[in-house]
>>> print(open('coords-v4.pdb').read())   # PDB, C-alpha atoms
ATOM      1  CA  MET A   1      81.300  34.594 -32.928  1.00  0.00           C
ATOM      2  CA  THR A   2      79.032  36.681 -35.146  1.00  0.00           C
ATOM      3  CA  GLY A   3      79.830  34.376 -38.059  1.00  0.00           C
ATOM      4  CA  ASP A   4      78.719  31.349 -36.023  1.00  0.00           C
ATOM      5  CA  ARG A   5      75.375  32.978 -35.240  1.00  0.00           C
ATOM      6  CA  GLU A   6      74.864  33.930 -38.858  1.00  0.00           C
ATOM      7  CA  GLU A   7      75.701  30.392 -39.995  1.00  0.00           C
ATOM      8  CA  GLN A   8      73.261  28.938 -37.439  1.00  0.00           C
ATOM      9  CA  ARG A   9      70.534  31.336 -38.594  1.00  0.00           C
ATOM     10  CA  VAL A  10      71.080  30.310 -42.214  1.00  0.00           C
ATOM     11  CA  ARG A  11      70.978  26.593 -41.320  1.00  0.00           C
ATOM     12  CA  GLU A  12      67.697  27.072 -39.454  1.00  0.00           C
ATOM     13  CA  ALA A  13      66.217  29.008 -42.381  1.00  0.00           C
ATOM     14  CA  VAL A  14      67.230  26.229 -44.790  1.00  0.00           C
ATOM     15  CA  ARG A  15      65.669  23.578 -42.510  1.00  0.00           C
ATOM     16  CA  ARG A  16      62.424  25.577 -42.307  1.00  0.00           C
ATOM     17  CA  HIS A  17      62.357  25.961 -46.089  1.00  0.00           C
ATOM     18  CA  ILE A  18      62.935  22.229 -46.635  1.00  0.00           C
ATOM     19  CA  ARG A  19      60.233  21.304 -44.133  1.00  0.00           C
ATOM     20  CA  ILE A  20      57.689  23.719 -45.632  1.00  0.00           C
ATOM     21  CA  SER A  21      58.489  22.451 -49.141  1.00  0.00           C
ATOM     22  CA  ALA A  22      58.120  18.824 -48.049  1.00  0.00           C
ATOM     23  CA  PHE A  23      54.728  19.521 -46.444  1.00  0.00           C
ATOM     24  CA  ALA A  24      53.535  21.371 -49.544  1.00  0.00           C
ATOM     25  CA  GLU A  25      54.583  18.460 -51.771  1.00  0.00           C
ATOM     26  CA  ALA A  26      52.912  15.952 -49.448  1.00  0.00           C
ATOM     27  CA  GLU A  27      49.665  17.952 -49.544  1.00  0.00           C
ATOM     28  CA  LYS A  28      49.743  17.907 -53.360  1.00  0.00           C
ATOM     29  CA  VAL A  29      50.216  14.140 -53.428  1.00  0.00           C
ATOM     30  CA  ILE A  30      47.502  13.541 -50.830  1.00  0.00           C
ATOM     31  CA  SER A  31      45.064  15.778 -52.727  1.00  0.00           C
ATOM     32  CA  PHE A  32      45.835  13.942 -55.959  1.00  0.00           C
ATOM     33  CA  VAL A  33      45.257  10.531 -54.380  1.00  0.00           C
ATOM     34  CA  LEU A  34      42.067  11.604 -52.611  1.00  0.00           C
ATOM     35  CA  SER A  35      40.635  13.038 -55.822  1.00  0.00           C
ATOM     36  CA  ASP A  36      40.859   9.667 -57.574  1.00  0.00           C
ATOM     37  CA  PRO A  37      37.327   8.378 -58.346  1.00  0.00           C
ATOM     38  CA  CYS A  38      38.128   4.910 -56.966  1.00  0.00           C
ATOM     39  CA  VAL A  39      39.322   6.409 -53.676  1.00  0.00           C
ATOM     40  CA  GLN A  40      36.208   8.604 -53.470  1.00  0.00           C
ATOM     41  CA  GLU A  41      33.990   5.574 -54.124  1.00  0.00           C
ATOM     42  CA  ALA A  42      35.753   3.552 -51.420  1.00  0.00           C
ATOM     43  CA  ARG A  43      35.399   6.428 -48.976  1.00  0.00           C
ATOM     44  CA  ALA A  44      31.681   6.761 -49.744  1.00  0.00           C
ATOM     45  CA  ARG A  45      31.177   3.022 -49.202  1.00  0.00           C
ATOM     46  CA  GLY A  46      33.061   3.235 -45.896  1.00  0.00           C
ATOM     47  CA  GLN A  47      30.938   6.157 -44.725  1.00  0.00           C
ATOM     48  CA  ALA A  48      27.744   4.348 -45.745  1.00  0.00           C
ATOM     49  CA  GLY A  49      28.835   1.291 -43.760  1.00  0.00           C
ATOM     50  CA  GLU A  50      29.649   3.407 -40.703  1.00  0.00           C
ATOM     51  CA  THR A  51      26.248   5.095 -40.913  1.00  0.00           C
ATOM     52  CA  GLN A  52      24.446   1.777 -41.283  1.00  0.00           C
ATOM     53  CA  LEU A  53      26.303   0.271 -38.318  1.00  0.00           C
ATOM     54  CA  GLY A  54      25.589   3.416 -36.288  1.00  0.00           C
ATOM     55  CA  ARG A  55      21.867   3.039 -36.970  1.00  0.00           C
ATOM     56  CA  GLU A  56      21.942  -0.653 -36.087  1.00  0.00           C
ATOM     57  CA  LEU A  57      23.605   0.063 -32.734  1.00  0.00           C
ATOM     58  CA  ARG A  58      21.425   3.067 -31.916  1.00  0.00           C
ATOM     59  CA  ALA A  59      18.744   1.181 -29.957  1.00  0.00           C
ATOM     60  CA  ARG A  60      21.361  -0.221 -27.581  1.00  0.00           C
ATOM     61  CA  LEU A  61      23.774   2.721 -27.402  1.00  0.00           C
ATOM     62  CA  GLN A  62      21.499   5.801 -27.510  1.00  0.00           C
ATOM     63  CA  PRO A  63      21.526   6.049 -23.677  1.00  0.00           C
ATOM     64  CA  PHE A  64      25.251   6.862 -23.930  1.00  0.00           C
ATOM     65  CA  GLN A  65      24.459   9.750 -26.291  1.00  0.00           C
ATOM     66  CA  ASP A  66      21.754  10.973 -23.928  1.00  0.00           C
ATOM     67  CA  ARG A  67      24.185  10.792 -20.987  1.00  0.00           C
ATOM     68  CA  TYR A  68      26.802  12.726 -22.988  1.00  0.00           C
ATOM     69  CA  ASP A  69      24.284  15.405 -24.030  1.00  0.00           C
ATOM     70  CA  GLN A  70      23.154  15.792 -20.416  1.00  0.00           C
ATOM     71  CA  ALA A  71      26.758  16.079 -19.191  1.00  0.00           C
ATOM     72  CA  VAL A  72      27.425  18.794 -21.772  1.00  0.00           C
ATOM     73  CA  ARG A  73      24.261  20.683 -20.763  1.00  0.00           C
ATOM     74  CA  ASP A  74      25.159  20.415 -17.066  1.00  0.00           C
ATOM     75  CA  GLY A  75      28.859  21.135 -17.572  1.00  0.00           C
ATOM     76  CA  ASP A  76      29.600  17.844 -15.774  1.00  0.00           C
ATOM     77  CA  THR A  77      33.334  17.681 -16.412  1.00  0.00           C
ATOM     78  CA  ASP A  78      33.753  14.624 -14.181  1.00  0.00           C
ATOM     79  CA  ARG A  79      31.386  12.599 -16.349  1.00  0.00           C
ATOM     80  CA  LEU A  80      32.892  13.990 -19.563  1.00  0.00           C
ATOM     81  CA  THR A  81      36.404  12.927 -18.522  1.00  0.00           C
ATOM     82  CA  ARG A  82      35.225   9.302 -18.268  1.00  0.00           C
ATOM     83  CA  ILE A  83      34.008   9.260 -21.865  1.00  0.00           C
ATOM     84  CA  CYS A  84      36.061   7.738 -24.684  1.00  0.00           C
ATOM     85  CA  LEU A  85      38.843   9.851 -26.135  1.00  0.00           C
ATOM     86  CA  GLY A  86      37.716   8.914 -29.683  1.00  0.00           C
ATOM     87  CA  LYS A  87      36.863  12.424 -30.740  1.00  0.00           C
ATOM     88  CA  HIS A  88      37.343  13.572 -34.295  1.00  0.00           C
ATOM     89  CA  GLY A  89      36.184  17.168 -34.401  1.00  0.00           C
ATOM     90  CA  ARG A  90      37.311  17.633 -37.980  1.00  0.00           C
ATOM     91  CA  TRP A  91      34.713  15.070 -39.034  1.00  0.00           C
ATOM     92  CA  GLY A  92      32.160  16.071 -36.395  1.00  0.00           C
ATOM     93  CA  ARG A  93      32.436  12.790 -34.525  1.00  0.00           C
ATOM     94  CA  ILE A  94      32.545  12.303 -30.785  1.00  0.00           C
ATOM     95  CA  CYS A  95      32.463   8.822 -29.306  1.00  0.00           C
ATOM     96  CA  VAL A  96      30.049   8.888 -26.368  1.00  0.00           C
ATOM     97  CA  LEU A  97      30.851   5.467 -24.910  1.00  0.00           C
ATOM     98  CA  ASN A  98      32.857   4.879 -21.737  1.00  0.00           C
ATOM     99  CA  ASP A  99      36.620   5.228 -21.915  1.00  0.00           C
ATOM    100  CA  GLY A 100      38.133   1.819 -22.708  1.00  0.00           C
ATOM    101  CA  HIS A 101      34.986   0.496 -24.389  1.00  0.00           C
ATOM    102  CA  GLU A 102      36.973  -1.066 -27.227  1.00  0.00           C
ATOM    103  CA  THR A 103      38.351  -3.725 -24.882  1.00  0.00           C
ATOM    104  CA  SER A 104      35.776  -3.971 -22.111  1.00  0.00           C
ATOM    105  CA  MET A 105      32.607  -3.771 -24.217  1.00  0.00           C
ATOM    106  CA  GLU A 106      34.144  -4.731 -27.555  1.00  0.00           C
ATOM    107  CA  GLU A 107      32.114  -2.013 -29.251  1.00  0.00           C
ATOM    108  CA  PRO A 108      33.304   0.272 -32.037  1.00  0.00           C
ATOM    109  CA  HIS A 109      33.378   4.016 -31.419  1.00  0.00           C
ATOM    110  CA  TRP A 110      29.781   5.252 -31.501  1.00  0.00           C
ATOM    111  CA  GLY A 111      28.105   8.641 -31.460  1.00  0.00           C
ATOM    112  CA  HIS A 112      26.538  11.089 -33.868  1.00  0.00           C
ATOM    113  CA  ASN A 113      28.152  12.901 -36.761  1.00  0.00           C
ATOM    114  CA  SER A 114      27.896  16.644 -37.388  1.00  0.00           C
ATOM    115  CA  ALA A 115      24.592  16.073 -39.219  1.00  0.00           C
ATOM    116  CA  GLY A 116      23.129  14.400 -36.116  1.00  0.00           C
ATOM    117  CA  GLN A 117      23.083  10.905 -37.618  1.00  0.00           C
ATOM    118  CA  PRO A 118      24.207   7.941 -35.503  1.00  0.00           C
ATOM    119  CA  ILE A 119      27.560   6.643 -36.679  1.00  0.00           C
ATOM    120  CA  ALA A 120      29.974   3.908 -35.646  1.00  0.00           C
ATOM    121  CA  TRP A 121      33.638   3.595 -36.605  1.00  0.00           C
ATOM    122  CA  VAL A 122      36.714   1.567 -35.818  1.00  0.00           C
ATOM    123  CA  GLY A 123      40.178   3.007 -35.374  1.00  0.00           C
ATOM    124  CA  SER A 124      41.767   6.135 -34.055  1.00  0.00           C
ATOM    125  CA  ALA A 125      40.411   8.248 -36.887  1.00  0.00           C
ATOM    126  CA  PRO A 126      37.500   7.758 -39.263  1.00  0.00           C
ATOM    127  CA  ASP A 127      39.760   7.300 -42.279  1.00  0.00           C
ATOM    128  CA  ASP A 128      41.952   4.545 -40.764  1.00  0.00           C
TER     129      ASP A 128
END
>>> encode(input="coords-v4.pdb", output="structure tokens")
Amino acid sequence: MTGDREEQRVREAVRRHIRISAFAEAEKVISFVLSDPCVQEARARGQAGETQLGRELRARLQPFQDRYDQAVRDGDTDRLTRICLGKHGRWGRICVLNDGHETSMEEPHWGHNSAGQPIAWVGSAPDD
């Protein structure tokens, strides 16, 4: 019985080690790819396009940002729960449109980035 527990403990330790090693290797590969100048240039062009589109849509969509800001100030959780789930805190993006806007309004995600600039993006994450 004690041998079975020890064997199980060893198997779990080996699995943890393999998983940690795989994640570390994946992070190295991802960092290498993202550091490529061509990838950085493509990312910069994508961000510039998202910023430009965000500015173009601002006149029509700014009321959604104002509504979101007011809901945050008031702590209006009911209103906040009806807002799009397209939130990407890591990139400082929060979509302020109504939940389901992609199909009903056919609008991209829209809001402001962490620098306060209007931004629009398509997809579940900004780097899709």
>>> resolve_selection(input="coords-v4.pdb", expression="the PyMOL selection byres ((chain A and resi 61) around 10)", output="JSON, numbers by chain")
{"A": [54, 55, 56, 57, 58, 59, 60, 62, 63, 64, 65, 66, 96, 97, 107, 110, 111, 118]}
>>> atom_distance(input="coords-v4.pdb", atom1="CA of His109 in chain A", atom2="CA of Leu34 in chain A")
24.1 Å
>>> residues_around(input="coords-v4.pdb", residues="Pro108 in chain A", least_positions_apart="4", cutoff="12 Å", atoms="only C-alpha atoms", output="list of chain:residue names")
A:Glu50, A:Leu53, A:Gly54, A:Leu57, A:Leu61, A:Cys84, A:Gly86, A:Cys95, A:Val96, A:Leu97, A:Asn98, A:Asp99, A:Gly100, A:His101, A:Glu102, A:Thr103, A:Ser104, A:Ile119, A:Ala120, A:Trp121, A:Val122, A:Gly123, A:Ser124, A:Ala125, A:Pro126
>>> write_last_selection(input="coords-v4.pdb", atoms="C-alpha atoms", output="short mmCIF file (atom, residue, chain, number, x, y, z; two decimals), keeping the file's coordinate frame")
data_model
loop_
_atom_site.label_atom_id
_atom_site.label_comp_id
_atom_site.auth_asym_id
_atom_site.auth_seq_id
_atom_site.Cartn_x
_atom_site.Cartn_y
_atom_site.Cartn_z
CA GLU A 50 29.65 3.41 -40.70
CA LEU A 53 26.30 0.27 -38.32
CA GLY A 54 25.59 3.42 -36.29
CA LEU A 57 23.60 0.06 -32.73
CA LEU A 61 23.77 2.72 -27.40
CA CYS A 84 36.06 7.74 -24.68
CA GLY A 86 37.72 8.91 -29.68
CA CYS A 95 32.46 8.82 -29.31
CA VAL A 96 30.05 8.89 -26.37
CA LEU A 97 30.85 5.47 -24.91
CA ASN A 98 32.86 4.88 -21.74
CA ASP A 99 36.62 5.23 -21.92
CA GLY A 100 38.13 1.82 -22.71
CA HIS A 101 34.99 0.50 -24.39
CA GLU A 102 36.97 -1.07 -27.23
CA THR A 103 38.35 -3.72 -24.88
CA SER A 104 35.78 -3.97 -22.11
CA ILE A 119 27.56 6.64 -36.68
CA ALA A 120 29.97 3.91 -35.65
CA TRP A 121 33.64 3.60 -36.60
CA VAL A 122 36.71 1.57 -35.82
CA GLY A 123 40.18 3.01 -35.37
CA SER A 124 41.77 6.14 -34.06
CA ALA A 125 40.41 8.25 -36.89
CA PRO A 126 37.50 7.76 -39.26
#
>>> atom_distance(input="coords-v4.pdb", atom1="CA of Phe23 in chain A", atom2="CA of Ser35 in chain A")
18.1 Å
>>> atom_distance(input="coords-v4.pdb", atom1="CA of Arg11 in chain A", atom2="CA of Glu25 in chain A")
21.1 Å
>>> build_atoms(input="coords-v4.pdb", residues="range 96-125 of chain A", atoms="N, CA and C atoms", output="mmCIF file, in the coordinates of the input")
data_model
loop_
_atom_site.group_PDB
_atom_site.id
_atom_site.type_symbol
_atom_site.label_atom_id
_atom_site.label_comp_id
_atom_site.auth_asym_id
_atom_site.auth_seq_id
_atom_site.Cartn_x
_atom_site.Cartn_y
_atom_site.Cartn_z
ATOM 1 N N VAL A 96 30.707 8.605 -27.638
ATOM 2 C CA VAL A 96 30.049 8.888 -26.368
ATOM 3 C C VAL A 96 30.080 7.705 -25.402
ATOM 4 N N LEU A 97 30.781 6.647 -25.766
ATOM 5 C CA LEU A 97 30.851 5.467 -24.910
ATOM 6 C C LEU A 97 31.867 5.689 -23.795
ATOM 7 N N ASN A 98 31.905 4.780 -22.844
ATOM 8 C CA ASN A 98 32.857 4.879 -21.737
ATOM 9 C C ASN A 98 34.284 4.715 -22.243
ATOM 10 N N ASP A 99 35.207 5.383 -21.588
ATOM 11 C CA ASP A 99 36.620 5.228 -21.915
ATOM 12 C C ASP A 99 37.000 3.750 -21.770
ATOM 13 N N GLY A 100 37.715 3.212 -22.736
ATOM 14 C CA GLY A 100 38.133 1.819 -22.708
ATOM 15 C C GLY A 100 37.105 0.852 -23.259
ATOM 16 N N HIS A 101 36.055 1.363 -23.888
ATOM 17 C CA HIS A 101 34.986 0.496 -24.389
ATOM 18 C C HIS A 101 35.457 -0.504 -25.430
ATOM 19 N N GLU A 102 36.512 -0.178 -26.163
ATOM 20 C CA GLU A 102 36.973 -1.066 -27.227
ATOM 21 C C GLU A 102 37.382 -2.430 -26.680
ATOM 22 N N THR A 103 37.908 -2.452 -25.462
ATOM 23 C CA THR A 103 38.351 -3.725 -24.882
ATOM 24 C C THR A 103 37.331 -4.293 -23.909
ATOM 25 N N SER A 104 36.702 -3.443 -23.117
ATOM 26 C CA SER A 104 35.776 -3.971 -22.111
ATOM 27 C C SER A 104 34.418 -4.328 -22.702
ATOM 28 N N MET A 105 33.919 -3.528 -23.630
ATOM 29 C CA MET A 105 32.607 -3.771 -24.217
ATOM 30 C C MET A 105 32.712 -4.365 -25.620
ATOM 31 N N GLU A 106 33.905 -4.289 -26.183
ATOM 32 C CA GLU A 106 34.144 -4.731 -27.555
ATOM 33 C C GLU A 106 33.179 -4.082 -28.542
ATOM 34 N N GLU A 107 32.965 -2.797 -28.361
ATOM 35 C CA GLU A 107 32.114 -2.013 -29.251
ATOM 36 C C GLU A 107 33.003 -1.079 -30.069
ATOM 37 N N PRO A 108 32.580 -0.758 -31.284
ATOM 38 C CA PRO A 108 33.304 0.272 -32.037
ATOM 39 C C PRO A 108 33.025 1.638 -31.403
ATOM 40 N N HIS A 109 33.724 2.665 -31.850
ATOM 41 C CA HIS A 109 33.378 4.016 -31.419
ATOM 42 C C HIS A 109 31.959 4.276 -31.906
ATOM 43 N N TRP A 110 31.161 4.972 -31.110
ATOM 44 C CA TRP A 110 29.781 5.252 -31.501
ATOM 45 C C TRP A 110 29.365 6.618 -30.999
ATOM 46 N N GLY A 111 28.633 7.331 -31.817
ATOM 47 C CA GLY A 111 28.105 8.641 -31.460
ATOM 48 C C GLY A 111 27.274 9.161 -32.608
ATOM 49 N N HIS A 112 27.260 10.465 -32.759
ATOM 50 C CA HIS A 112 26.538 11.089 -33.868
ATOM 51 C C HIS A 112 27.524 11.949 -34.652
ATOM 52 N N ASN A 113 27.291 12.041 -35.954
ATOM 53 C CA ASN A 113 28.152 12.901 -36.761
ATOM 54 C C ASN A 113 27.633 14.332 -36.707
ATOM 55 N N SER A 114 28.265 15.227 -37.440
ATOM 56 C CA SER A 114 27.896 16.644 -37.388
ATOM 57 C C SER A 114 26.489 16.890 -37.921
ATOM 58 N N ALA A 115 25.952 15.945 -38.704
ATOM 59 C CA ALA A 115 24.592 16.073 -39.219
ATOM 60 C C ALA A 115 23.564 15.486 -38.250
ATOM 61 N N GLY A 116 24.029 14.960 -37.111
ATOM 62 C CA GLY A 116 23.129 14.400 -36.116
ATOM 63 C C GLY A 116 22.745 12.952 -36.354
ATOM 64 N N GLN A 117 23.377 12.308 -37.331
ATOM 65 C CA GLN A 117 23.083 10.905 -37.618
ATOM 66 C C GLN A 117 23.944 10.004 -36.743
ATOM 67 N N PRO A 118 23.374 8.880 -36.261
ATOM 68 C CA PRO A 118 24.207 7.941 -35.503
ATOM 69 C C PRO A 118 25.264 7.344 -36.425
ATOM 70 N N ILE A 119 26.451 7.160 -35.870
ATOM 71 C CA ILE A 119 27.560 6.643 -36.679
ATOM 72 C C ILE A 119 28.470 5.804 -35.789
ATOM 73 N N ALA A 120 29.028 4.762 -36.363
ATOM 74 C CA ALA A 120 29.974 3.908 -35.646
ATOM 75 C C ALA A 120 31.223 3.769 -36.503
ATOM 76 N N TRP A 121 32.389 3.736 -35.859
ATOM 77 C CA TRP A 121 33.638 3.595 -36.605
ATOM 78 C C TRP A 121 34.665 2.861 -35.766
ATOM 79 N N VAL A 122 35.635 2.304 -36.460
ATOM 80 C CA VAL A 122 36.714 1.567 -35.818
ATOM 81 C C VAL A 122 38.008 2.296 -36.118
ATOM 82 N N GLY A 123 38.879 2.374 -35.149
ATOM 83 C CA GLY A 123 40.178 3.007 -35.374
ATOM 84 C C GLY A 123 40.285 4.342 -34.698
ATOM 85 N N SER A 124 41.492 4.896 -34.748
ATOM 86 C CA SER A 124 41.767 6.135 -34.055
ATOM 87 C C SER A 124 41.266 7.354 -34.814
ATOM 88 N N ALA A 125 40.968 7.168 -36.073
ATOM 89 C CA ALA A 125 40.411 8.248 -36.887
ATOM 90 C C ALA A 125 39.486 7.611 -37.918
#
